[in-house]
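Q: This one is structure18.cif, mmCIF, C-alpha atoms.
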data_coords
loop_
_atom_site.label_atom_id
_atom_site.label_comp_id
_atom_site.auth_asym_id
_atom_site.auth_seq_id
_atom_site.Cartn_x
_atom_site.Cartn_y
_atom_site.Cartn_z
CA MET A 1 0.00 0.00 0.00
CA SER A 2 1.06 3.62 -0.49
CA PRO A 3 0.28 6.01 2.37
CA SER A 4 1.33 9.64 2.08
CA ALA A 5 5.04 10.37 2.16
CA PHE A 6 4.79 11.77 5.69
CA THR A 7 2.85 8.79 6.97
CA ARG A 8 5.22 6.33 5.31
CA ARG A 9 8.30 8.01 6.79
CA LYS A 10 6.70 8.05 10.22
CA LEU A 11 5.68 4.41 10.06
CA LEU A 12 9.01 3.24 8.69
CA SER A 13 10.82 5.15 11.42
CA LEU A 14 8.72 3.41 14.05
CA ALA A 15 9.18 0.12 12.26
CA THR A 16 12.96 0.44 12.30
CA VAL A 17 13.08 1.14 16.02
CA ALA A 18 10.57 -1.51 17.03
CA GLY A 19 11.90 -4.01 14.52
CA ALA A 20 15.39 -3.74 15.95
CA ALA A 21 13.98 -4.40 19.39
CA LEU A 22 12.12 -7.44 18.17
CA ALA A 23 14.99 -8.96 16.22
CA LEU A 24 15.55 -11.60 18.85
CA PRO A 25 16.56 -15.19 18.18
CA ALA A 26 13.57 -17.53 18.09
CA CYS A 27 13.88 -20.57 20.30
CA SER A 28 12.24 -23.37 22.19
CA GLY A 29 12.21 -22.51 25.86
CA THR A 30 12.50 -24.77 28.87
CA ASP A 31 8.89 -23.91 29.69
CA GLY A 32 7.73 -25.93 26.70
CA ILE A 33 6.86 -22.84 24.66
CA THR A 34 8.31 -22.57 21.16
CA THR A 35 9.00 -19.02 20.02
CA ILE A 36 8.90 -18.26 16.31
CA ARG A 37 9.49 -15.02 14.46
CA LEU A 38 7.29 -13.53 11.74
CA GLN A 39 9.14 -11.19 9.36
CA GLN A 40 6.85 -8.80 7.48
CA ASN A 41 7.47 -5.54 5.66
CA LYS A 42 4.15 -3.69 5.95
CA PRO A 43 4.28 -1.41 9.01
CA GLU A 44 0.73 -0.24 8.33
CA VAL A 45 -0.67 -3.67 9.29
CA VAL A 46 1.44 -4.27 12.40
CA GLU A 47 -1.42 -3.74 14.84
CA TYR A 48 -3.74 -5.91 12.77
CA PHE A 49 -1.24 -8.77 12.86
CA ASN A 50 -0.67 -8.28 16.56
CA THR A 51 -4.37 -9.05 17.01
CA LEU A 52 -4.09 -12.15 14.83
CA ILE A 53 -1.06 -13.32 16.77
CA LYS A 54 -2.87 -12.95 20.09
CA ASP A 55 -5.76 -15.02 18.76
CA PHE A 56 -3.41 -17.69 17.44
CA GLU A 57 -1.50 -17.88 20.73
CA SER A 58 -4.75 -18.24 22.68
CA LYS A 59 -5.50 -21.34 20.60
CA ASN A 60 -1.91 -22.61 20.55
CA THR A 61 -0.59 -22.00 24.03
CA ASP A 62 2.69 -23.82 23.32
CA ILE A 63 3.72 -21.31 20.64
CA ARG A 64 4.72 -17.68 20.96
CA VAL A 65 5.03 -15.43 17.88
CA ILE A 66 7.25 -12.36 17.69
CA GLN A 67 6.50 -9.93 14.90
CA ASP A 68 9.58 -8.39 13.28
CA PHE A 69 8.71 -5.70 10.74
CA ASN A 70 12.22 -4.40 10.10
CA ALA A 71 12.91 -5.69 6.57
CA GLY A 72 16.58 -4.90 7.09
CA ASN A 73 16.86 -7.90 9.40
CA TRP A 74 16.14 -10.41 6.63
CA VAL A 75 19.44 -10.79 4.76
CA PRO A 76 21.66 -10.32 7.86
CA GLY A 77 19.55 -13.01 9.54
CA LEU A 78 20.29 -15.40 6.68
CA ILE A 79 23.99 -14.63 6.87
CA ARG A 80 24.03 -15.26 10.63
CA ASN A 81 21.97 -18.43 10.13
CA ASN A 82 19.25 -16.93 12.29
CA PRO A 83 16.53 -15.80 9.87
CA ALA A 84 12.89 -15.37 10.77
CA ASP A 85 10.88 -18.61 10.69
CA VAL A 86 7.91 -17.22 8.73
CA VAL A 87 8.30 -14.54 6.07
CA THR A 88 5.65 -12.50 4.32
CA ASN A 89 6.41 -10.67 1.08
CA SER A 90 4.85 -9.04 -1.90
CA TYR A 91 5.89 -11.72 -4.36
CA SER A 92 8.25 -10.51 -7.09
CA VAL A 93 11.42 -11.49 -8.91
CA THR A 94 13.42 -10.38 -5.85
CA VAL A 95 11.63 -12.84 -3.57
CA ALA A 96 11.78 -15.52 -6.26
CA ASP A 97 15.58 -15.27 -6.17
CA PHE A 98 15.51 -16.65 -2.61
CA THR A 99 13.11 -19.36 -3.80
CA SER A 100 15.50 -20.47 -6.53
CA LYS A 101 18.26 -20.82 -3.94
CA GLY A 102 16.13 -23.17 -1.83
CA ILE A 103 15.78 -20.75 1.11
CA PHE A 104 12.09 -21.53 1.59
CA ALA A 105 10.46 -24.83 2.53
CA ASP A 106 8.01 -26.73 0.36
CA LEU A 107 4.45 -25.88 1.49
CA SER A 108 2.58 -28.10 -0.94
CA ASP A 109 1.52 -30.37 1.94
CA LEU A 110 -0.42 -27.60 3.72
CA PRO A 111 -4.23 -27.40 3.27
CA ALA A 112 -3.99 -23.88 1.83
CA ALA A 113 -2.08 -25.25 -1.15
CA THR A 114 -5.25 -26.94 -2.37
CA MET A 115 -7.52 -24.06 -1.34
CA ALA A 116 -5.63 -21.38 -3.24
CA ASP A 117 -6.86 -20.03 -6.55
CA PRO A 118 -4.91 -21.91 -9.27
CA LYS A 119 -4.28 -18.61 -11.07
CA ALA A 120 -2.58 -17.12 -8.00
CA LEU A 121 -0.39 -20.23 -7.67
CA GLU A 122 0.37 -20.06 -11.38
CA LEU A 123 1.72 -16.54 -10.97
CA ILE A 124 3.92 -17.61 -8.05
CA LYS A 125 5.24 -20.61 -9.95
CA SER A 126 5.84 -18.54 -13.10
CA PHE A 127 8.95 -17.10 -11.45
CA GLY A 128 10.36 -20.61 -11.11
CA GLN A 129 10.17 -23.38 -8.53
CA TYR A 130 12.91 -24.88 -6.41
CA GLN A 131 13.86 -28.24 -7.92
CA GLY A 132 11.11 -27.64 -10.45
CA SER A 133 8.24 -28.77 -8.25
CA GLU A 134 8.16 -27.19 -4.80
CA LEU A 135 5.64 -24.60 -3.67
CA SER A 136 7.62 -22.00 -1.73
CA ALA A 137 4.91 -19.41 -1.02
CA LEU A 138 1.19 -19.33 -0.30
CA PRO A 139 -0.89 -16.36 -1.52
CA PHE A 140 -2.64 -14.41 1.24
CA SER A 141 -3.78 -11.19 -0.45
CA LEU A 142 -4.38 -9.94 -3.99
CA ALA A 143 -4.28 -6.15 -4.31
CA ALA A 144 -6.13 -5.42 -7.55
CA ALA A 145 -5.78 -2.09 -9.32
CA GLY A 146 -7.55 -0.40 -12.20
CA VAL A 147 -8.89 2.90 -13.42
CA ILE A 148 -10.58 4.79 -10.58
CA TYR A 149 -13.43 6.88 -11.97
CA ASN A 150 -15.71 9.60 -10.68
CA LYS A 151 -19.20 8.10 -10.82
CA THR A 152 -20.87 11.50 -10.55
CA LEU A 153 -19.03 12.94 -13.54
CA PHE A 154 -19.67 9.81 -15.58
CA ALA A 155 -23.40 10.03 -14.84
CA GLU A 156 -23.64 13.77 -15.48
CA HIS A 157 -22.08 13.36 -18.92
CA GLY A 158 -23.89 10.17 -19.85
CA VAL A 159 -20.69 8.13 -19.98
CA GLU A 160 -20.64 4.36 -19.50
CA VAL A 161 -17.68 2.34 -18.27
CA PRO A 162 -15.75 1.43 -21.45
CA ALA A 163 -15.49 -2.20 -22.48
CA THR A 164 -13.01 -1.81 -25.37
CA TRP A 165 -9.91 0.27 -26.11
CA SER A 166 -11.75 2.40 -28.69
CA GLU A 167 -14.56 3.02 -26.20
CA PHE A 168 -12.00 4.11 -23.63
CA LEU A 169 -10.50 6.62 -26.05
CA THR A 170 -13.99 7.89 -26.89
CA VAL A 171 -14.67 8.45 -23.18
CA CYS A 172 -11.41 10.40 -22.84
CA LYS A 173 -12.24 12.57 -25.86
CA LYS A 174 -15.75 13.27 -24.59
CA PHE A 175 -14.51 14.56 -21.25
CA LYS A 176 -11.77 16.59 -22.91
CA THR A 177 -14.33 18.24 -25.20
CA ALA A 178 -16.45 19.03 -22.14
CA GLY A 179 -13.49 20.84 -20.54
CA ILE A 180 -12.89 18.14 -17.93
CA THR A 181 -9.46 16.54 -17.49
CA PRO A 182 -9.99 12.91 -18.57
CA ILE A 183 -7.12 11.43 -16.48
CA TYR A 184 -5.20 13.09 -13.67
CA GLY A 185 -1.45 12.60 -14.12
CA THR A 186 1.19 12.70 -11.37
CA PHE A 187 4.47 12.32 -13.27
CA ARG A 188 6.49 14.02 -10.55
CA ASP A 189 6.28 10.82 -8.48
CA SER A 190 7.77 8.40 -10.96
CA TRP A 191 6.35 5.29 -9.26
CA THR A 192 2.79 6.37 -10.09
CA LEU A 193 3.52 5.87 -13.80
CA GLY A 194 3.88 2.16 -13.13
CA GLN A 195 0.09 1.94 -12.92
CA PRO A 196 -0.87 3.06 -16.46
CA TYR A 197 2.16 1.31 -17.97
CA GLY A 198 1.30 -1.83 -16.02
CA TYR A 199 -2.24 -1.79 -17.42
CA THR A 200 -1.14 -1.47 -21.03
CA ALA A 201 1.66 -4.02 -20.63
CA GLY A 202 -0.53 -6.61 -18.90
CA GLY A 203 -3.27 -6.07 -21.45
CA THR A 204 -1.08 -6.59 -24.50
CA VAL A 205 1.69 -9.00 -23.39
CA ASP A 206 1.58 -12.42 -21.73
CA LEU A 207 3.94 -11.18 -19.04
CA ALA A 208 4.58 -14.46 -17.24
CA ASP A 209 5.47 -16.17 -20.52
CA PHE A 210 7.55 -13.27 -21.82
CA PHE A 211 9.73 -12.97 -18.73
CA SER A 212 10.13 -16.74 -18.40
CA HIS A 213 11.99 -16.64 -21.73
CA MET A 214 14.10 -13.57 -21.05
CA PRO A 215 17.79 -14.36 -20.30
CA ARG A 216 18.73 -13.88 -16.64
CA THR A 217 22.40 -14.87 -16.63
CA ALA A 218 25.50 -14.35 -18.74
CA GLU A 219 25.26 -17.98 -19.88
CA GLU A 220 21.62 -17.62 -20.93
CA LEU A 221 22.49 -14.51 -22.94
CA LYS A 222 24.68 -16.65 -25.20
CA THR A 223 21.80 -18.90 -26.19
CA SER A 224 18.84 -16.54 -25.81
CA THR A 225 16.32 -15.93 -28.55
CA LYS A 226 15.76 -12.54 -30.14
CA LEU A 227 13.06 -11.77 -27.58
CA SER A 228 13.24 -8.10 -26.64
CA PHE A 229 11.30 -5.24 -25.14
CA SER A 230 11.74 -3.33 -28.39
CA THR A 231 9.50 -5.80 -30.19
CA GLY A 232 7.39 -7.33 -27.42
CA PHE A 233 6.44 -4.09 -25.64
CA LYS A 234 5.98 -1.71 -28.60
CA SER A 235 2.17 -1.84 -28.50
CA ALA A 236 2.05 -1.44 -24.72
CA THR A 237 4.34 1.59 -24.90
CA ASP A 238 2.32 3.23 -27.66
CA LYS A 239 -0.90 2.79 -25.68
CA PHE A 240 0.78 4.20 -22.57
CA LEU A 241 1.76 7.35 -24.44
CA GLU A 242 -1.74 7.63 -25.89
CA ILE A 243 -3.18 7.54 -22.35
CA LEU A 244 -0.83 10.30 -21.20
CA GLU A 245 -2.14 12.60 -23.94
CA PHE A 246 -5.36 12.84 -21.92
CA THR A 247 -3.71 14.01 -18.69
CA GLN A 248 -3.61 17.69 -17.63
CA LYS A 249 -0.91 20.01 -18.99
CA ASP A 250 0.96 20.30 -15.69
CA ALA A 251 1.06 16.53 -14.98
CA GLY A 252 4.87 16.66 -14.99
CA SER A 253 4.95 18.81 -11.87
CA LYS A 254 2.19 17.06 -9.91
CA SER A 255 2.80 14.48 -7.17
CA TYR A 256 0.71 11.62 -5.82
CA THR A 257 -0.51 13.86 -2.99
CA ASP A 258 -1.50 16.53 -5.52
CA GLY A 259 -3.36 13.91 -7.53
CA ASN A 260 -5.34 12.67 -4.56
CA ALA A 261 -6.39 16.19 -3.62
CA ALA A 262 -7.34 17.20 -7.16
CA PHE A 263 -9.23 14.03 -8.04
CA ALA A 264 -11.10 14.00 -4.73
CA LYS A 265 -12.35 17.51 -5.50
CA GLY A 266 -13.61 16.57 -8.97
CA GLY A 267 -10.52 17.70 -10.87
CA ALA A 268 -10.59 14.77 -13.30
CA ALA A 269 -12.89 12.00 -14.50
CA MET A 270 -10.37 9.19 -14.03
CA TYR A 271 -7.29 8.40 -11.93
CA MET A 272 -4.93 5.50 -12.51
CA GLN A 273 -4.09 4.39 -8.99
CA GLY A 274 -4.41 1.31 -6.82
CA PRO A 275 -6.71 0.65 -3.86
CA TRP A 276 -4.28 2.35 -1.48
CA ALA A 277 -5.54 5.70 -2.80
CA LEU A 278 -9.21 5.06 -2.02
CA SER A 279 -9.16 5.83 1.69
CA GLU A 280 -7.20 9.02 1.09
CA LEU A 281 -9.67 10.16 -1.58
CA THR A 282 -12.69 9.67 0.65
CA THR A 283 -10.89 11.26 3.60
CA ILE A 284 -10.43 14.40 1.53
CA ASN A 285 -14.01 14.27 0.20
CA PRO A 286 -16.37 11.95 2.11
CA ASP A 287 -19.10 12.57 -0.48
CA LEU A 288 -16.96 11.38 -3.39
CA LYS A 289 -18.50 8.46 -5.31
CA VAL A 290 -15.95 6.36 -7.16
CA GLY A 291 -15.71 2.97 -8.83
CA THR A 292 -12.90 1.02 -10.45
CA PHE A 293 -12.71 -0.75 -13.82
CA ALA A 294 -9.97 -2.75 -15.52
CA LEU A 295 -8.48 -0.89 -18.48
CA PRO A 296 -9.55 -2.57 -21.73
CA THR A 297 -6.69 -2.72 -24.25
CA SER A 298 -8.32 -4.50 -27.19
CA GLU A 299 -11.60 -4.49 -29.12
CA ASP A 300 -12.74 -7.75 -27.50
CA PRO A 301 -14.12 -7.29 -23.96
CA ALA A 302 -13.29 -10.94 -23.26
CA ASP A 303 -9.60 -10.03 -23.45
CA THR A 304 -9.78 -7.64 -20.51
CA HIS A 305 -7.97 -8.74 -17.35
CA ALA A 306 -7.33 -6.99 -14.02
CA GLN A 307 -3.93 -6.08 -12.72
CA VAL A 308 -2.93 -7.47 -9.35
CA THR A 309 -0.03 -7.57 -6.96
CA LEU A 310 0.54 -10.66 -4.85
CA ASP A 311 0.52 -8.18 -2.02
CA MET A 312 1.15 -10.71 0.72
CA THR A 313 2.42 -14.27 0.48
CA PHE A 314 3.68 -16.51 3.29
CA SER A 315 6.84 -18.59 3.19
CA ILE A 316 8.66 -20.66 5.82
CA VAL A 317 12.44 -20.78 5.99
CA ARG A 318 13.63 -24.29 5.17
CA SER A 319 16.39 -24.29 7.78
CA SER A 320 14.09 -23.38 10.66
CA PRO A 321 14.38 -25.87 13.56
CA ARG A 322 10.84 -24.83 14.45
CA LEU A 323 9.27 -25.96 11.20
CA ALA A 324 6.27 -27.69 12.79
CA ALA A 325 5.35 -24.62 14.85
CA ALA A 326 5.83 -22.36 11.85
CA LYS A 327 3.50 -24.53 9.75
CA ARG A 328 0.83 -24.41 12.44
CA PHE A 329 1.03 -20.62 12.42
CA VAL A 330 0.82 -20.39 8.63
CA ASN A 331 -2.08 -22.83 8.64
CA TYR A 332 -3.88 -20.48 11.01
CA LEU A 333 -3.14 -17.41 8.87
CA MET A 334 -4.34 -19.18 5.72
CA ASP A 335 -7.70 -20.13 7.22
CA PRO A 336 -10.37 -18.79 4.79
CA ALA A 337 -12.03 -16.73 7.53
CA VAL A 338 -8.73 -15.04 8.45
CA VAL A 339 -7.83 -14.42 4.82
CA SER A 340 -11.27 -12.99 3.97
CA ALA A 341 -11.35 -10.69 6.99
CA TYR A 342 -7.94 -9.22 6.21
CA ASN A 343 -8.71 -8.59 2.55
CA SER A 344 -12.10 -7.07 3.32
CA LYS A 345 -10.50 -4.60 5.71
CA PHE A 346 -7.70 -3.58 3.36
CA SER A 347 -9.69 -3.36 0.09
CA ALA A 348 -8.03 -6.38 -1.48
CA PHE A 349 -9.20 -9.79 -2.69
CA SER A 350 -8.88 -13.23 -1.16
CA PRO A 351 -6.80 -15.63 -3.32
CA LEU A 352 -8.61 -18.68 -1.91
CA LYS A 353 -11.33 -20.68 -3.63
CA GLN A 354 -13.19 -21.10 -0.33
CA GLY A 355 -14.71 -18.52 1.95
CA SER A 356 -16.57 -15.30 1.26
CA GLN A 357 -15.65 -11.69 1.90
CA ASP A 358 -17.24 -8.28 1.89
CA ILE A 359 -15.95 -6.44 -1.18
CA ASN A 360 -15.34 -2.72 -0.97
CA PRO A 361 -17.92 -1.24 -3.42
CA GLN A 362 -15.18 1.04 -4.78
CA ILE A 363 -13.32 -1.98 -6.23
CA ALA A 364 -16.34 -4.19 -6.90
CA GLY A 365 -15.96 -3.58 -10.64
CA LEU A 366 -12.85 -5.77 -10.60
CA GLN A 367 -14.43 -8.66 -8.70
CA PRO A 368 -15.83 -10.60 -11.70
CA LEU A 369 -12.37 -10.70 -13.27
CA ILE A 370 -10.67 -11.76 -10.04
CA SER A 371 -13.29 -14.45 -9.37
CA SER A 372 -12.81 -15.91 -12.85
CA GLY A 373 -9.00 -15.89 -12.63
CA LYS A 374 -8.67 -13.21 -15.32
CA TYR A 375 -5.81 -11.22 -13.87
CA TYR A 376 -2.11 -10.62 -14.40
CA LEU A 377 0.77 -9.50 -12.19
CA ASN A 378 1.96 -5.89 -12.40
CA VAL A 379 4.88 -5.76 -14.85
CA THR A 380 7.08 -3.97 -12.29
CA ASN A 381 7.24 -7.20 -10.26
CA TYR A 382 9.26 -8.87 -13.00
CA PHE A 383 12.13 -6.37 -13.00
CA PRO A 384 15.11 -6.67 -10.63
CA PRO A 385 15.81 -3.66 -8.39
CA ALA A 386 18.99 -2.91 -10.36
CA ILE A 387 16.81 -1.68 -13.22
CA THR A 388 15.46 1.76 -12.28
CA LEU A 389 12.20 1.17 -14.09
CA ASN A 390 10.22 4.06 -12.59
CA ASN A 391 12.87 6.55 -13.72
CA TYR A 392 12.57 5.18 -17.25
CA PHE A 393 8.78 5.58 -17.10
CA GLN A 394 9.19 9.19 -16.03
CA THR A 395 11.63 9.95 -18.83
CA LEU A 396 9.28 8.36 -21.36
CA ALA A 397 6.33 10.36 -20.01
CA LEU A 398 8.24 13.62 -20.32
CA ASN A 399 9.92 13.14 -23.71
CA GLY A 400 7.60 10.66 -25.45
CA ASN A 401 10.53 8.84 -27.08
CA ASP A 402 9.26 5.25 -27.18
CA GLU A 403 12.20 3.91 -29.20
CA ALA A 404 14.77 5.20 -26.71
CA PHE A 405 12.71 3.85 -23.80
CA LEU A 406 12.50 0.33 -25.22
CA THR A 407 16.17 0.29 -26.22
CA THR A 408 17.08 1.40 -22.70
CA LEU A 409 15.06 -1.46 -21.21
CA ASP A 410 16.82 -3.99 -23.46
CA ASP A 411 20.25 -2.61 -22.59
CA ALA A 412 19.51 -2.51 -18.87
CA TRP A 413 18.16 -6.07 -18.83
CA HIS A 414 21.19 -7.44 -20.68
CA ARG A 415 23.58 -5.49 -18.45
CA VAL A 416 22.05 -7.04 -15.31
CA ALA A 417 22.01 -10.51 -16.87
CA THR A 418 25.69 -10.18 -17.83
CA ARG A 419 26.60 -9.66 -14.18
CA ASN A 420 24.67 -12.73 -13.02
CA ALA A 421 26.45 -16.06 -12.77
#
Here is the file; what I need is its structure written in the form of C-alpha cells.

A:
Amino acid sequence: MSPSAFTRRKLLSLATVAGAALALPACSGTDGITTIRLQQNKPEVVEYFNTLIKDFESKNTDIRVIQDFNAGNWVPGLIRNNPADVVTNSYSVTVADFTSKGIFADLSDLPAATMADPKALELIKSFGQYQGSELSALPFSLAAAGVIYNKTLFAEHGVEVPATWSEFLTVCKKFKTAGITPIYGTFRDSWTLGQPYGYTAGGTVDLADFFSHMPRTAEELKTSTKLSFSTGFKSATDKFLEILEFTQKDAGSKSYTDGNAAFAKGGAAMYMQGPWALSELTTINPDLKVGTFALPTSEDPADTHAQVTLDMTFSIVRSSPRLAAAKRFVNYLMDPAVVSAYNSKFSAFSPLKQGSQDINPQIAGLQPLISSGKYYLNVTNYFPPAITLNNYFQTLALNGNDEAFLTTLDDAWHRVATRNA
C-alpha cells in the first residue's frame, strides 16, 4: 500500500526502532513454549497482525510469535543463520531469487495449497520453482488495481464504463471536449507511472510467458532468442503514451498527494491508482462516489484482465528448527475466515477458492475478473531492483521517445544478466 510520504516516513521510522527491538533469536524454551518469528514488511498492518497473533497464541498455548517488521533484518539473519521462521512478502522477482536458492520450505503439503486459486499459484510458480516442483509461497492477499473513476461525472455526462480500447479513447475525448481533465497525471512521483504502464503491458503481453523466456544470466544470454522489449512491448508503450495525452498540462509537476487532492475535488474524471488511494480520496471528500474498472486494451471485452499484486504471500524458511510450529502458524493465517477478513479490511481480494468476503464497493468492478481468474501481475514485479524502471517511465512520459525507452530497457536487462552467474 502507499500512504502519504509523511505517513510512510513516520511508520518506517517506528518500524525500524521496534523491529530492531524485536529482532531476537527464536527458540524453544524450557517452559515448553516454542518461540517463532514472523518477518513482514508492511508497518501499516502491524497492529492488525498483533491481534491475529494474540488469537493464534490463545488457541496454541505452546507457541509464541514475535512480529519483526524491520525488513533490514532479513538478509543479515540469513547470513548469521538466524533468519525469521515465517516470512511474508509481496511476491516478485526479488523474492523468487531466494526461492530459486532453496531458502524456503516446500508448502505443498499444507491445506492452503489446495484451497488457493490456481491462477494465483500459477503466478507464483511462473517465477520458477525450487527443484522444479516445490511450492515455496502461499498467496494471502491480492491487491487489484484499475482505473478509478468519478461516478458522478460519468453520470452527469452520460458516460458508461468502457469495455473496449476504442470506447476508452472515446470516453477520454468526450470529457476533454467538455473541458474536464480525462485522467489526472502525477508524473512528478515516478512510481505512479507504473500503474498506467502496467495496465497497457498486462493487457497486451503475456507477461509471465515473456519474462520466463528472457535471459537472466550471462550464460543464458549466449543462447537466448531474439526476444526483446523493443518488439514485445511496442504496442504497450504506444498505448501508454496515448493515455498520457489525456492528462492535464501540468502533470509533470504534480505528485501523488496533488493527484489525490485534485481528483477527490472533482478535478478529473479518471485516476490510474491502486486501492491504497481510495481511503485518502474519501478522507479528503467523504461525499466522493468512485468505482474502479480494468483498463480494456483490445476491441474484444473478453480479453480484458485486471492487474494485481501478490501483495502478501507466506513462506517458511527451510532451515528453521521450528518448522512444525511455523506450519501451524501459517495454517492459522491461511484459514479462509482469516484471509477474507484481512482482505475485506484492506480493500483487497482473497486468493482462496473457499470462503466469502465483503468487497469494498469502490473496487467491486474488478471482482468478476478476479473471481474468474482473469488477472495478471503488475509488470514492475518482474524487473530486478537494479533496473530503475520508474525513472525510465518518467523519462518516457516527459519526452515521449518510445524507441529510446525500449532500447534502454533492453540494454539494462542485458547489463544485469551479464553480471549474473

Q: Have a look at A:Leu207, A:Ala105, A:Leu244, A:Ala96 and name the one nearest to Lys327 in chain A; count only C-alpha atoms.

A: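 Once distances to Lys327 in chain A are computed over only C-alpha atoms, the minimum belongs to A:Ala105.
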
Q: Write out as a list in words which residues come within 10 Å of Phe240 in chain A when counting only C-alpha atoms, dropping same-chain ones fewer than 2 positions away.

A: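 Residues meeting the cut-off are Leu193, Gln195, Pro196, Tyr197, Gly198, Tyr199, Thr200, Ala201, Lys234, Ser235, Ala236, Thr237, Asp238, Glu242, Ile243, Leu244, Glu245, Phe393, Leu396, Ala397, Gly400 and Asp402 of chain A.
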
Q: Neighbours of Thr407 in chain A within 12 Å (all atoms listed in the file; same-chain residues fewer than 4 positions away dropped), as a ChimeraX atom specification?

A: /A:228-234,237,392,396,401-403,411-414

Q: Enumerate, as a PyMOL selection string, the residues matched when the PyMOL selection byres ((chain A and resi 357) around 9) is run on the file above.

A: chain A and resi 337+339-341+343-344+349-350+355-356+358-359

Q: Separation of CA of Lys353 in chain A and CA of Ile36 in chain A, in Å?

A: 28.5 Å

Q: Care to translate the PyMOL selection byres ((chain A and resi 366) around 8) into actual residues of this file, as a ChimeraX atom specification?

A: /A:144,146,292-294,306,363-365,367-370

Q: What gap, in Å, lies between CA of Gly179 in chain A and CA of Ser298 in chain A?

A: 26.7 Å

Q: Hey, what's within 9 Å of range 381-385 of chain A if we count only C-alpha atoms and toss same-chain stuff fewer than 3 positions away? As number ranges by chain, please?

A: A: 90-94, 127, 207-208, 211, 309, 377-378, 388-389, 413, 416

Q: When the PyMOL selection byres ((chain A and resi 330) around 12) is applied to the file above, which residues end up in the set, as a JSON list (two decimals) with C-alpha atoms, keeping the file's coordinate frame?

A:
[["chain", "number", "residue", "atom", "x", "y", "z"],
["A", 36, "ILE", "CA", 8.90, -18.26, 16.31],
["A", 37, "ARG", "CA", 9.49, -15.02, 14.46],
["A", 38, "LEU", "CA", 7.29, -13.53, 11.74],
["A", 52, "LEU", "CA", -4.09, -12.15, 14.83],
["A", 53, "ILE", "CA", -1.06, -13.32, 16.77],
["A", 56, "PHE", "CA", -3.41, -17.69, 17.44],
["A", 65, "VAL", "CA", 5.03, -15.43, 17.88],
["A", 85, "ASP", "CA", 10.88, -18.61, 10.69],
["A", 86, "VAL", "CA", 7.91, -17.22, 8.73],
["A", 87, "VAL", "CA", 8.30, -14.54, 6.07],
["A", 88, "THR", "CA", 5.65, -12.50, 4.32],
["A", 107, "LEU", "CA", 4.45, -25.88, 1.49],
["A", 110, "LEU", "CA", -0.42, -27.60, 3.72],
["A", 111, "PRO", "CA", -4.23, -27.40, 3.27],
["A", 112, "ALA", "CA", -3.99, -23.88, 1.83],
["A", 113, "ALA", "CA", -2.08, -25.25, -1.15],
["A", 137, "ALA", "CA", 4.91, -19.41, -1.02],
["A", 138, "LEU", "CA", 1.19, -19.33, -0.30],
["A", 139, "PRO", "CA", -0.89, -16.36, -1.52],
["A", 140, "PHE", "CA", -2.64, -14.41, 1.24],
["A", 313, "THR", "CA", 2.42, -14.27, 0.48],
["A", 314, "PHE", "CA", 3.68, -16.51, 3.29],
["A", 315, "SER", "CA", 6.84, -18.59, 3.19],
["A", 316, "ILE", "CA", 8.66, -20.66, 5.82],
["A", 317, "VAL", "CA", 12.44, -20.78, 5.99],
["A", 323, "LEU", "CA", 9.27, -25.96, 11.20],
["A", 324, "ALA", "CA", 6.27, -27.69, 12.79],
["A", 325, "ALA", "CA", 5.35, -24.62, 14.85],
["A", 326, "ALA", "CA", 5.83, -22.36, 11.85],
["A", 327, "LYS", "CA", 3.50, -24.53, 9.75],
["A", 328, "ARG", "CA", 0.83, -24.41, 12.44],
["A", 329, "PHE", "CA", 1.03, -20.62, 12.42],
["A", 331, "ASN", "CA", -2.08, -22.83, 8.64],
["A", 332, "TYR", "CA", -3.88, -20.48, 11.01],
["A", 333, "LEU", "CA", -3.14, -17.41, 8.87],
["A", 334, "MET", "CA", -4.34, -19.18, 5.72],
["A", 335, "ASP", "CA", -7.70, -20.13, 7.22],
["A", 336, "PRO", "CA", -10.37, -18.79, 4.79],
["A", 338, "VAL", "CA", -8.73, -15.04, 8.45],
["A", 339, "VAL", "CA", -7.83, -14.42, 4.82]]

Q: Quick one: pull the distance between CA of Ser320 in chain A and CA of Ala84 in chain A, Å, one decimal.

A: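 Answer for the CA of Ser320 in chain A to CA of Ala84 in chain A separation: 8.1 Å.
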